[in-house]
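The next block is upload.txt, given as compact mmCIF, C-alpha atoms.
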```
# COMPACT_ATOMS: atom_id res chain seq x y z
CA MET Y 692 44.30 -36.54 78.18
CA LEU Y 693 40.58 -36.94 78.78
CA THR Y 694 39.21 -40.27 77.68
CA LYS Y 695 35.89 -41.28 76.13
CA ARG Y 696 33.42 -42.41 78.74
CA ILE Y 697 31.03 -45.33 78.70
CA ILE Y 698 27.96 -44.36 80.67
CA PRO Y 699 25.07 -46.81 81.12
CA CYS Y 700 21.83 -44.89 81.32
CA LEU Y 701 19.04 -46.51 83.33
CA ASP Y 702 15.45 -45.40 82.93
CA MET Y 703 13.43 -45.86 86.08
CA THR Y 704 9.85 -45.75 87.10
CA GLU Y 705 8.53 -46.35 90.61
CA GLY Y 706 11.97 -47.50 91.73
CA LYS Y 707 12.38 -50.14 88.99
CA VAL Y 708 14.57 -50.01 85.91
CA VAL Y 709 12.52 -50.23 82.72
CA LYS Y 710 13.30 -50.64 79.06
CA GLY Y 711 11.06 -48.96 76.53
CA ILE Y 712 11.05 -48.30 72.85
CA GLN Y 713 10.72 -44.65 71.86
CA PHE Y 714 9.50 -43.88 75.38
CA VAL Y 715 6.58 -46.36 75.32
CA ASN Y 716 5.96 -50.09 75.88
CA PHE Y 717 8.10 -50.28 78.99
CA ARG Y 718 9.07 -53.57 80.49
CA ASP Y 719 10.66 -54.25 83.86
CA ALA Y 720 14.44 -54.67 83.75
CA GLY Y 721 15.19 -55.06 87.43
CA ASP Y 722 16.44 -53.41 90.59
CA PRO Y 723 18.44 -50.20 89.94
CA VAL Y 724 20.87 -50.71 92.82
CA VAL Y 725 21.75 -54.24 91.71
CA LEU Y 726 22.17 -53.13 88.09
CA ALA Y 727 24.23 -50.09 89.08
CA LYS Y 728 26.60 -52.27 91.08
CA LYS Y 729 26.92 -54.70 88.18
CA TYR Y 730 27.74 -51.93 85.69
CA ASP Y 731 30.29 -50.48 88.11
CA GLU Y 732 31.99 -53.88 88.51
CA GLN Y 733 32.02 -54.34 84.73
CA GLY Y 734 34.00 -51.14 84.30
CA ALA Y 735 31.44 -48.44 83.46
CA ASP Y 736 32.90 -44.94 83.83
CA GLU Y 737 29.75 -43.33 85.15
CA LEU Y 738 26.04 -44.04 85.58
CA VAL Y 739 22.89 -42.12 84.80
CA PHE Y 740 19.50 -42.72 86.44
CA LEU Y 741 16.50 -41.07 84.85
CA ASP Y 742 13.18 -41.23 86.63
CA ILE Y 743 11.04 -41.09 83.49
CA THR Y 744 7.68 -40.82 85.17
CA ALA Y 745 8.80 -38.66 88.07
CA THR Y 746 5.97 -37.39 90.19
CA VAL Y 747 5.85 -36.12 93.72
CA ASP Y 748 4.91 -39.64 94.90
CA ASN Y 749 7.95 -41.10 93.19
CA ARG Y 750 10.33 -38.58 94.70
CA ASN Y 751 10.92 -40.46 97.93
CA ILE Y 752 11.37 -43.77 96.12
CA LEU Y 753 13.95 -42.10 93.90
CA LEU Y 754 15.83 -40.57 96.84
CA ASP Y 755 15.91 -43.94 98.56
CA VAL Y 756 17.32 -45.58 95.42
CA VAL Y 757 19.93 -42.80 95.12
CA LYS Y 758 20.97 -43.27 98.74
CA ARG Y 759 21.35 -47.03 98.39
CA THR Y 760 23.19 -46.68 95.08
CA ALA Y 761 25.64 -44.14 96.53
CA LYS Y 762 26.72 -46.73 99.09
CA GLU Y 763 27.37 -49.35 96.43
CA VAL Y 764 29.02 -47.66 93.47
CA THR Y 765 32.55 -46.31 93.14
CA ILE Y 766 31.96 -44.11 90.10
CA PRO Y 767 30.15 -40.80 89.54
CA PHE Y 768 26.44 -40.92 88.96
CA THR Y 769 23.88 -38.50 87.59
CA VAL Y 770 20.23 -38.52 88.59
CA GLY Y 771 17.43 -36.82 86.66
CA GLY Y 772 13.68 -36.76 86.30
CA GLY Y 773 11.12 -34.31 87.63
CA ILE Y 774 13.66 -31.71 88.83
CA ARG Y 775 11.82 -28.39 88.95
CA THR Y 776 13.42 -26.42 91.77
CA LYS Y 777 16.77 -25.84 93.40
CA LYS Y 778 15.40 -27.69 96.41
CA ASP Y 779 14.68 -30.79 94.26
CA MET Y 780 18.27 -30.71 93.10
CA GLN Y 781 19.64 -30.26 96.59
CA LEU Y 782 17.71 -33.30 97.86
CA VAL Y 783 19.11 -35.49 95.09
CA LEU Y 784 22.68 -34.27 95.70
CA ARG Y 785 22.31 -34.78 99.45
CA ALA Y 786 21.09 -38.32 98.82
CA GLY Y 787 24.45 -38.99 97.16
CA ALA Y 788 24.20 -38.14 93.45
CA ASP Y 789 27.21 -36.37 91.98
CA LYS Y 790 25.31 -34.56 89.26
CA VAL Y 791 21.68 -33.79 88.51
CA GLY Y 792 19.95 -33.89 85.14
CA VAL Y 793 17.38 -31.23 84.29
CA ASN Y 794 15.03 -31.51 81.33
CA THR Y 795 11.41 -30.31 81.16
CA GLY Y 796 11.72 -28.23 84.34
CA ALA Y 797 14.63 -26.29 82.85
CA PHE Y 798 12.95 -25.84 79.50
CA LYS Y 799 9.86 -24.37 81.13
CA ARG Y 800 11.92 -22.18 83.46
CA PRO Y 801 15.51 -21.77 82.18
CA ALA Y 802 16.54 -19.85 85.32
CA LEU Y 803 16.54 -23.25 87.07
CA ILE Y 804 19.87 -23.95 85.36
CA SER Y 805 21.52 -20.72 86.52
CA GLU Y 806 20.14 -21.04 90.05
CA CYS Y 807 21.50 -24.58 90.41
CA ALA Y 808 24.83 -23.72 88.74
CA GLN Y 809 25.36 -20.83 91.14
CA SER Y 810 24.54 -22.89 94.20
CA PHE Y 811 26.19 -26.20 93.36
CA GLY Y 812 28.58 -25.40 90.48
CA THR Y 813 28.27 -25.99 86.74
CA GLN Y 814 29.97 -29.37 87.18
CA CYS Y 815 26.86 -30.92 88.66
CA VAL Y 816 24.23 -29.47 86.32
CA VAL Y 817 23.57 -31.77 83.38
CA LEU Y 818 21.16 -30.69 80.66
CA SER Y 819 19.18 -33.76 79.71
CA LEU Y 820 17.78 -33.20 76.25
CA ASP Y 821 15.44 -35.40 74.22
CA ALA Y 822 15.56 -34.56 70.54
CA LYS Y 823 13.48 -35.69 67.59
CA ARG Y 824 14.04 -34.99 63.93
CA ILE Y 825 11.19 -32.85 62.61
CA GLY Y 826 11.64 -31.86 58.96
CA ASN Y 827 15.13 -30.45 58.56
CA GLN Y 828 15.96 -29.85 62.20
CA TRP Y 829 16.17 -31.58 65.58
CA ASN Y 830 13.53 -30.29 67.96
CA VAL Y 831 13.52 -30.29 71.75
CA ILE Y 832 10.91 -32.71 73.05
CA ILE Y 833 9.73 -32.37 76.66
CA ASP Y 834 7.26 -34.05 79.04
CA GLY Y 835 8.95 -37.45 78.70
CA GLY Y 836 8.82 -37.58 74.92
CA ARG Y 837 5.27 -36.29 74.65
CA THR Y 838 5.48 -32.60 73.70
CA ASP Y 839 7.29 -31.11 70.71
CA THR Y 840 8.39 -27.60 71.75
CA GLY Y 841 9.18 -26.55 68.18
CA MET Y 842 12.52 -25.22 69.39
CA SER Y 843 15.78 -26.28 67.75
CA ALA Y 844 17.88 -28.55 70.00
CA ILE Y 845 21.04 -26.66 69.02
CA GLU Y 846 19.54 -23.33 70.10
CA TRP Y 847 18.44 -24.75 73.45
CA VAL Y 848 21.87 -26.28 74.07
CA LYS Y 849 23.59 -22.94 73.38
CA GLN Y 850 21.24 -21.16 75.77
CA ALA Y 851 21.60 -23.81 78.49
CA VAL Y 852 25.40 -23.76 78.34
CA LYS Y 853 25.35 -19.98 78.73
CA LEU Y 854 23.11 -20.38 81.80
CA GLY Y 855 25.55 -22.83 83.38
CA ALA Y 856 24.89 -26.40 82.21
CA GLY Y 857 28.19 -28.25 82.63
CA GLU Y 858 27.37 -31.33 80.56
CA ILE Y 859 24.76 -32.44 78.03
CA LEU Y 860 22.97 -35.78 78.00
CA LEU Y 861 21.52 -35.97 74.51
CA THR Y 862 18.94 -38.60 73.66
CA SER Y 863 17.58 -39.19 70.19
CA ILE Y 864 13.98 -40.26 70.52
CA ASP Y 865 14.07 -41.74 67.01
CA ALA Y 866 17.18 -43.83 67.72
CA ARG Y 867 15.69 -45.24 70.89
CA TRP Y 868 14.02 -47.83 68.72
CA TYR Y 869 17.47 -49.37 68.70
CA GLU Y 870 18.03 -48.53 72.36
CA ALA Y 871 20.87 -46.22 71.40
CA ARG Y 872 21.75 -42.91 72.92
CA ILE Y 873 23.85 -40.54 70.85
CA MET H 876 39.80 -43.20 113.48
CA ILE H 877 39.80 -40.90 110.46
CA ALA H 878 37.99 -37.55 110.65
CA ILE H 879 36.38 -36.35 107.42
CA ILE H 880 36.17 -32.60 107.91
CA ASP H 881 32.62 -31.28 107.51
CA TYR H 882 32.80 -27.64 106.51
CA GLY H 883 29.41 -27.18 104.97
CA ILE H 884 30.11 -28.26 101.42
CA ASN H 885 28.92 -31.15 99.28
CA ASN H 886 30.49 -34.50 98.53
CA LEU H 887 31.19 -35.60 102.10
CA ASP H 888 29.02 -38.69 101.97
CA SER H 889 30.79 -40.17 98.96
CA VAL H 890 34.07 -40.05 100.89
CA LYS H 891 32.37 -41.58 103.94
CA ASN H 892 30.80 -44.32 101.77
CA ALA H 893 34.23 -45.13 100.32
CA PHE H 894 35.76 -45.55 103.78
CA ASP H 895 32.82 -47.69 104.90
CA ARG H 896 33.46 -49.98 101.95
CA LEU H 897 37.15 -50.15 102.82
CA GLU H 898 36.15 -50.90 106.42
CA VAL H 899 38.07 -47.88 107.67
CA ASP H 900 36.67 -46.34 110.85
CA SER H 901 35.72 -42.78 109.87
CA ILE H 902 33.42 -39.99 110.94
CA VAL H 903 32.12 -36.87 109.18
CA THR H 904 32.63 -34.07 111.69
CA SER H 905 33.44 -30.48 112.51
CA ASP H 906 33.88 -31.23 116.23
CA PHE H 907 37.19 -29.93 117.65
CA ASN H 908 37.61 -32.82 120.10
CA ILE H 909 37.06 -35.48 117.48
CA ILE H 910 39.39 -33.75 115.02
CA SER H 911 42.08 -33.50 117.71
CA ARG H 912 41.69 -37.16 118.66
CA ALA H 913 41.63 -38.48 115.07
CA ASN H 914 44.57 -40.49 113.71
CA GLY H 915 44.24 -38.84 110.34
CA LEU H 916 42.27 -36.10 108.63
CA ILE H 917 40.53 -35.88 105.29
CA LEU H 918 39.73 -32.49 103.79
CA PRO H 919 37.32 -33.25 100.94
CA GLY H 920 35.61 -30.67 98.83
CA VAL H 921 33.62 -29.55 95.87
CA GLY H 922 33.05 -25.83 95.43
CA THR H 923 35.04 -22.63 95.30
CA ALA H 924 38.17 -21.72 97.28
CA ILE H 925 36.58 -18.55 98.59
CA GLU H 926 33.52 -20.43 99.90
CA GLY H 927 35.71 -23.21 101.32
CA MET H 928 37.99 -20.83 103.22
CA ARG H 929 35.06 -18.75 104.45
CA ASN H 930 33.43 -21.88 105.89
CA LEU H 931 36.64 -23.18 107.47
CA LYS H 932 37.20 -19.80 109.14
CA LYS H 933 33.61 -19.49 110.28
CA LEU H 934 33.93 -22.86 112.04
CA ARG H 935 37.44 -21.86 113.20
CA ILE H 936 38.70 -25.15 111.81
CA ASP H 937 41.40 -23.43 109.74
CA LYS H 938 43.73 -22.84 112.69
CA LEU H 939 43.00 -26.23 114.25
CA LEU H 940 43.85 -27.99 110.98
CA THR H 941 47.12 -26.17 110.47
CA SER H 942 48.29 -26.76 114.04
CA GLU H 943 47.32 -30.46 114.01
CA VAL H 944 49.04 -31.04 110.68
CA ARG H 945 52.16 -29.06 111.67
CA ASN H 946 52.32 -31.27 114.75
CA GLY H 947 52.51 -34.30 112.50
CA LYS H 948 48.92 -35.48 112.04
CA PRO H 949 48.48 -36.95 108.55
CA LEU H 950 46.10 -35.16 106.20
CA LEU H 951 44.65 -36.01 102.80
CA GLY H 952 43.21 -33.16 100.74
CA ILE H 953 40.84 -34.14 97.93
CA CYS H 954 40.08 -31.80 95.00
CA LEU H 955 39.22 -28.41 96.56
CA GLY H 956 40.56 -29.86 99.82
CA MET H 957 44.00 -30.23 98.21
CA GLN H 958 43.85 -26.72 96.77
CA LEU H 959 43.04 -25.18 100.15
CA LEU H 960 46.34 -26.52 101.51
CA MET H 961 48.25 -24.01 99.37
CA ASP H 962 49.16 -20.38 100.22
CA TRP H 963 46.80 -18.49 97.98
CA SER H 964 44.11 -18.98 95.33
CA GLU H 965 43.42 -16.95 92.24
CA GLU H 966 39.82 -18.10 92.62
CA GLY H 967 38.46 -15.12 94.54
CA ASN H 968 41.98 -13.86 95.45
CA VAL H 969 41.85 -15.63 98.79
CA ASP H 970 44.55 -16.68 101.26
CA CYS H 971 44.36 -20.40 101.99
CA LEU H 972 45.77 -22.64 104.73
CA GLY H 973 49.43 -22.17 103.76
CA LEU H 974 50.50 -25.72 104.65
CA ILE H 975 52.13 -26.14 101.24
CA ASP H 976 54.10 -23.39 99.47
CA GLY H 977 52.53 -22.41 96.18
CA THR H 978 49.41 -21.09 94.55
CA ILE H 979 46.15 -22.18 92.94
CA GLU H 980 45.65 -20.81 89.45
CA LYS H 981 43.05 -21.16 86.74
CA PHE H 982 43.73 -23.41 83.74
CA THR H 983 45.42 -21.20 81.15
CA ASN H 984 44.57 -23.44 78.20
CA LYS H 985 41.65 -22.84 75.86
CA LEU H 986 39.86 -26.11 76.65
CA LYS H 987 36.47 -26.29 78.35
CA VAL H 988 36.43 -25.67 82.10
CA PRO H 989 35.62 -27.23 84.43
CA GLN H 990 37.51 -30.26 83.23
CA ILE H 991 34.94 -33.01 83.83
CA GLY H 992 35.81 -36.65 83.24
CA TRP H 993 38.40 -39.39 83.40
CA ASN H 994 42.01 -38.39 82.83
CA ASN H 995 45.27 -40.21 83.42
CA VAL H 996 47.98 -39.61 86.00
CA LYS H 997 51.65 -39.92 85.14
CA ILE H 998 53.37 -41.00 88.32
CA SER H 999 56.89 -39.65 88.78
CA ASN H 1000 57.62 -41.31 92.11
CA PHE H 1001 56.91 -45.03 92.55
CA GLU H 1002 59.12 -45.25 95.63
CA LEU H 1003 56.35 -44.03 97.90
CA PRO H 1004 53.95 -46.41 99.68
CA ILE H 1005 50.99 -44.35 98.42
CA THR H 1006 51.69 -45.33 94.80
CA ASN H 1007 51.84 -49.05 95.63
CA GLN H 1008 50.00 -51.11 92.97
CA ILE H 1009 48.90 -48.00 91.07
CA ALA H 1010 49.65 -48.57 87.37
CA GLN H 1011 51.37 -45.84 85.39
CA ASN H 1012 48.84 -43.63 83.54
CA SER H 1013 45.84 -44.96 85.48
CA TYR H 1014 42.61 -43.03 84.90
CA PHE H 1015 40.95 -41.08 87.70
CA TYR H 1016 37.82 -38.92 87.80
CA PHE H 1017 38.45 -35.16 87.69
CA VAL H 1018 36.15 -32.17 88.14
CA HIS H 1019 37.93 -28.81 88.45
CA SER H 1020 38.73 -25.43 86.89
CA TYR H 1021 41.79 -24.52 88.96
CA ILE H 1022 45.16 -26.23 89.44
CA CYS H 1023 47.79 -26.33 92.19
CA LYS H 1024 51.24 -24.96 91.48
CA PRO H 1025 53.50 -26.06 94.34
CA THR H 1026 56.77 -24.11 94.64
CA ASP H 1027 58.80 -27.23 95.47
CA ALA H 1028 58.77 -29.55 92.44
CA ASN H 1029 60.00 -32.41 94.65
CA ILE H 1030 56.61 -32.80 96.32
CA VAL H 1031 54.92 -33.64 92.99
CA VAL H 1032 54.12 -37.36 92.87
CA GLY H 1033 51.92 -37.38 89.77
CA THR H 1034 50.94 -35.10 86.92
CA THR H 1035 48.01 -34.88 84.52
CA THR H 1036 47.68 -33.15 81.17
CA TYR H 1037 44.64 -31.14 80.17
CA GLY H 1038 45.92 -28.63 77.64
CA GLN H 1039 48.81 -28.17 80.07
CA GLU H 1040 50.62 -30.48 82.47
CA TYR H 1041 49.86 -29.92 86.14
CA CYS H 1042 50.30 -31.53 89.55
CA SER H 1043 47.54 -34.05 90.31
CA ILE H 1044 49.11 -35.90 93.27
CA MET H 1045 51.40 -34.27 95.81
CA LYS H 1046 53.04 -35.41 99.02
CA GLN H 1047 54.92 -33.29 101.50
CA ASP H 1048 55.87 -35.01 104.76
CA ASN H 1049 52.57 -36.02 106.45
CA ILE H 1050 50.39 -34.27 103.83
CA VAL H 1051 48.95 -35.90 100.70
CA GLY H 1052 46.86 -34.06 98.12
CA VAL H 1053 44.97 -35.39 95.10
CA GLN H 1054 43.26 -33.19 92.53
CA PHE H 1055 40.89 -35.95 91.34
CA HIS H 1056 38.24 -37.84 93.30
CA PRO H 1057 39.67 -41.23 94.33
CA GLU H 1058 36.31 -42.07 95.97
CA LYS H 1059 34.70 -41.81 92.51
CA SER H 1060 37.47 -43.44 90.49
CA GLY H 1061 36.51 -47.10 90.67
CA LYS H 1062 38.99 -49.82 91.67
CA VAL H 1063 42.17 -47.81 91.18
CA GLY H 1064 40.76 -44.94 93.24
CA PHE H 1065 39.97 -47.32 96.07
CA GLN H 1066 43.47 -48.81 95.89
CA LEU H 1067 44.95 -45.34 96.22
CA LEU H 1068 42.71 -44.53 99.20
CA LYS H 1069 43.72 -47.81 100.81
CA ASN H 1070 47.41 -46.99 100.26
CA ILE H 1071 47.00 -43.54 101.77
CA ILE H 1072 45.19 -44.88 104.84
CA ASN H 1073 47.83 -47.59 105.32
CA TYR H 1074 50.50 -44.90 105.07
CA PHE H 1075 48.67 -42.79 107.66
CA ILE H 1076 48.49 -45.80 110.00
CA SER H 1077 52.24 -46.33 109.57
CA LEU H 1078 52.81 -42.77 110.79
CA CYS H 1079 50.76 -43.24 113.97
```
In structure tokens, what does this structure look like?
Amino acid sequence: MLTKRIIPCLDMTEGKVVKGIQFVNFRDAGDPVVLAKKYDEQGADELVFLDITATVDNRNILLDVVKRTAKEVTIPFTVGGGIRTKKDMQLVLRAGADKVGVNTGAFKRPALISECAQSFGTQCVVLSLDAKRIGNQWNVIIDGGRTDTGMSAIEWVKQAVKLGAGEILLTSIDARWYEARI
Amino acid sequence: MIAIIDYGINNLDSVKNAFDRLEVDSIVTSDFNIISRANGLILPGVGTAIEGMRNLKKLRIDKLLTSEVRNGKPLLGICLGMQLLMDWSEEGNVDCLGLIDGTIEKFTNKLKVPQIGWNNVKISNFELPITNQIAQNSYFYFVHSYICKPTDANIVVGTTTYGQEYCSIMKQDNIVGVQFHPEKSGKVGFQLLKNIINYFISLC
């Protein structure tokens, strides 16, 4: 039967792994390729890289990190951050990622999920979702933790799965104080 | 030299990276001469059977593969690559390579498809060199919605259960097929790849 998976999730900016608290006060945590290799050796089941300040300038740095990581690790890895088009996704997959995380780009244009699922299969489309408790519900937060969309996280998940998201990477912005992902 | 067949689908580089790490001489190619000269062939694959067969036919690699393998060249099929070895697939109602008798059918259970994640393999034949040092019920990384149903139960080397039990490793003469991705399954996956390559070398 399928087992539970332990998946280290590394936040990156400008090619470095960073640790933040509730998406702010980042400090440098090292080289992503070295860390990825270490996690792999320690028995992680998969890895996730999220480029949290992805911009066009960062794209090439990210692709280079993905390429170097693909040569080192023996487990599946997901890469996300700043994915807005099918082309963005294709570049990340070509660089050696097994799956691609979509977040703000998919929220702003949900067809991104169906386009990518049709081209590459649902198995490599991961909906990356940042949620924050607002009143009685969990809302979808986009733009790297900056913008509350007002939409219920549950509703967005249902819609994204229908469009072809194969997996969900759910992050609680509140719990990140404790550096926990739920 | 091992030829990793390039038929226009994803996931080729991860297989190539795995062989580089194992220091196995390999090349990603769709070149007829290289494929004919290779000591062994790898048919990787992520995608649909219909797309896979269409691409193989377009490159005219389908006939080359079947003749090379029928003449004794060892072949490893990974994931979709294993499925394409069968006679026919329900996925798009498409005829496949027909190197192994049987069909490819969709999971009939009510669980989520594709199955994505780490699942264990129950090995039924430890006599083979390819299962050397592979522990019973080792976990491998799976991503698929369809399963192989070989006609001859004797070629099944390992099975996996996801709502239903199905063949996850098969071996028929010079052909080996694995439903999971050994190149993405950590240490045990690399051990299995090493075993398979050593077995291929022993056939040369």
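Across the model, the gap from atom CA of Lys932 of chain H to atom CA of Asn908 of chain H is 17.0 Å.
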Residues of chain Y within 6 Å of chain H, only C-alpha atoms counted, as a PyMOL selection string
chain Y and resi 692-694+762+765-767
Take the residues from that selection and put them in a file with C-alpha atoms, as a PDB file, keeping the file's coordinate frame.
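Dumped to part_39.pdb:
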```pdb
ATOM      1  CA  MET Y 692      44.300 -36.540  78.180  1.00  0.00           C
ATOM      2  CA  LEU Y 693      40.580 -36.940  78.780  1.00  0.00           C
ATOM      3  CA  THR Y 694      39.210 -40.270  77.680  1.00  0.00           C
ATOM      4  CA  LYS Y 762      26.720 -46.730  99.090  1.00  0.00           C
ATOM      5  CA  THR Y 765      32.550 -46.310  93.140  1.00  0.00           C
ATOM      6  CA  ILE Y 766      31.960 -44.110  90.100  1.00  0.00           C
ATOM      7  CA  PRO Y 767      30.150 -40.800  89.540  1.00  0.00           C
TER       8      PRO Y 767
END
```
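All residues of protein, DNA or RNA that reach within 10 Å of segment 824-841 of chain Y, judged by all atoms listed in the file and not counting those fewer than 5 positions away in the chain, are Gln713, Phe714, Val715, Asp742, Ile743, Thr744, Ala745, Gly772, Gly773, Asn794, Thr795, Gly796, Ala797, Phe798, Lys799, Glu846, Trp847, Val848, Thr862, Ser863, Ile864 and Asp865 of chain Y.
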What is the atom CA of Lys790 of chain Y to atom CA of Asn968 of chain H distance in Å?
27.3 Å
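Taking atom CA of Glu943 of chain H as the reference point, atom CA of Leu974 of chain H is found at 11.0 Å.
Closest approach to Glu966 of chain H from the set H:Ala1028, H:Ile1072, H:Ile1022, H:Leu897 is made by H:Ile1022, with distances taken over all atoms listed in the file.
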Mind checking which residues fall within 12 Å of Lys938 of chain H, counting all atoms listed in the file, ignoring those fewer than 3 positions away in the same chain, and posting them as a VMD selection string?
chain H and resid 907 910 to 911 928 931 to 935 941 to 945 971 to 974
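Among the candidate residues Y:Arg759, Y:Lys778, Y:Arg785, Y:Lys695, the one lying nearest to Lys728 of chain Y is Y:Arg759, with distances computed using all atoms listed in the file.
Among the candidate residues Y:Thr760, Y:Val708, Y:Leu818, Y:Ala866, the one lying nearest to Lys849 of chain Y is Y:Leu818, with distances computed using only C-alpha atoms.
Closest to Ile845 of chain Y among Y:Glu858, Y:Leu820, Y:Glu763, Y:Glu806 is Y:Leu820, based on all atoms listed in the file.
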Got a sec: who's within 8 Å of Thr1034 of chain H, counting only C-alpha atoms, leaving out chain neighbours fewer than 2 positions off, as a VMD selection string?
chain H and resid 996 to 999 1031 to 1032 1036 1040 to 1044
Could you give me, as a list in words, the residues that sit within 7 Å of (21.9, -39.4, 87.9) in the file's coordinates, counting only C-alpha atoms?
Leu738, Val739, Phe740, Leu741, Phe768, Thr769, Val770, Gly771, Ala788, Lys790, Val791 and Gly792 of chain Y
Can you write just those residues out, C-alpha atoms, as a PDB file, keeping the file's coordinate frame?
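And here's selection-v3.pdb as it stands now:
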```pdb
ATOM      1  CA  LEU Y 738      26.040 -44.040  85.580  1.00  0.00           C
ATOM      2  CA  VAL Y 739      22.890 -42.120  84.800  1.00  0.00           C
ATOM      3  CA  PHE Y 740      19.500 -42.720  86.440  1.00  0.00           C
ATOM      4  CA  LEU Y 741      16.500 -41.070  84.850  1.00  0.00           C
ATOM      5  CA  PHE Y 768      26.440 -40.920  88.960  1.00  0.00           C
ATOM      6  CA  THR Y 769      23.880 -38.500  87.590  1.00  0.00           C
ATOM      7  CA  VAL Y 770      20.230 -38.520  88.590  1.00  0.00           C
ATOM      8  CA  GLY Y 771      17.430 -36.820  86.660  1.00  0.00           C
ATOM      9  CA  ALA Y 788      24.200 -38.140  93.450  1.00  0.00           C
ATOM     10  CA  LYS Y 790      25.310 -34.560  89.260  1.00  0.00           C
ATOM     11  CA  VAL Y 791      21.680 -33.790  88.510  1.00  0.00           C
ATOM     12  CA  GLY Y 792      19.950 -33.890  85.140  1.00  0.00           C
TER      13      GLY Y 792
END
```
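Taking all atoms listed in the file into account, Met876 of chain H lies nearest to H:Phe1075 out of the set H:Phe1001, H:Phe1055, H:Tyr1021, H:Phe1075.
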Of Y:Ile859, Y:Arg800, Y:Val852, Y:Gly734, the one nearest to Ser819 of chain Y when counting only C-alpha atoms is Y:Ile859
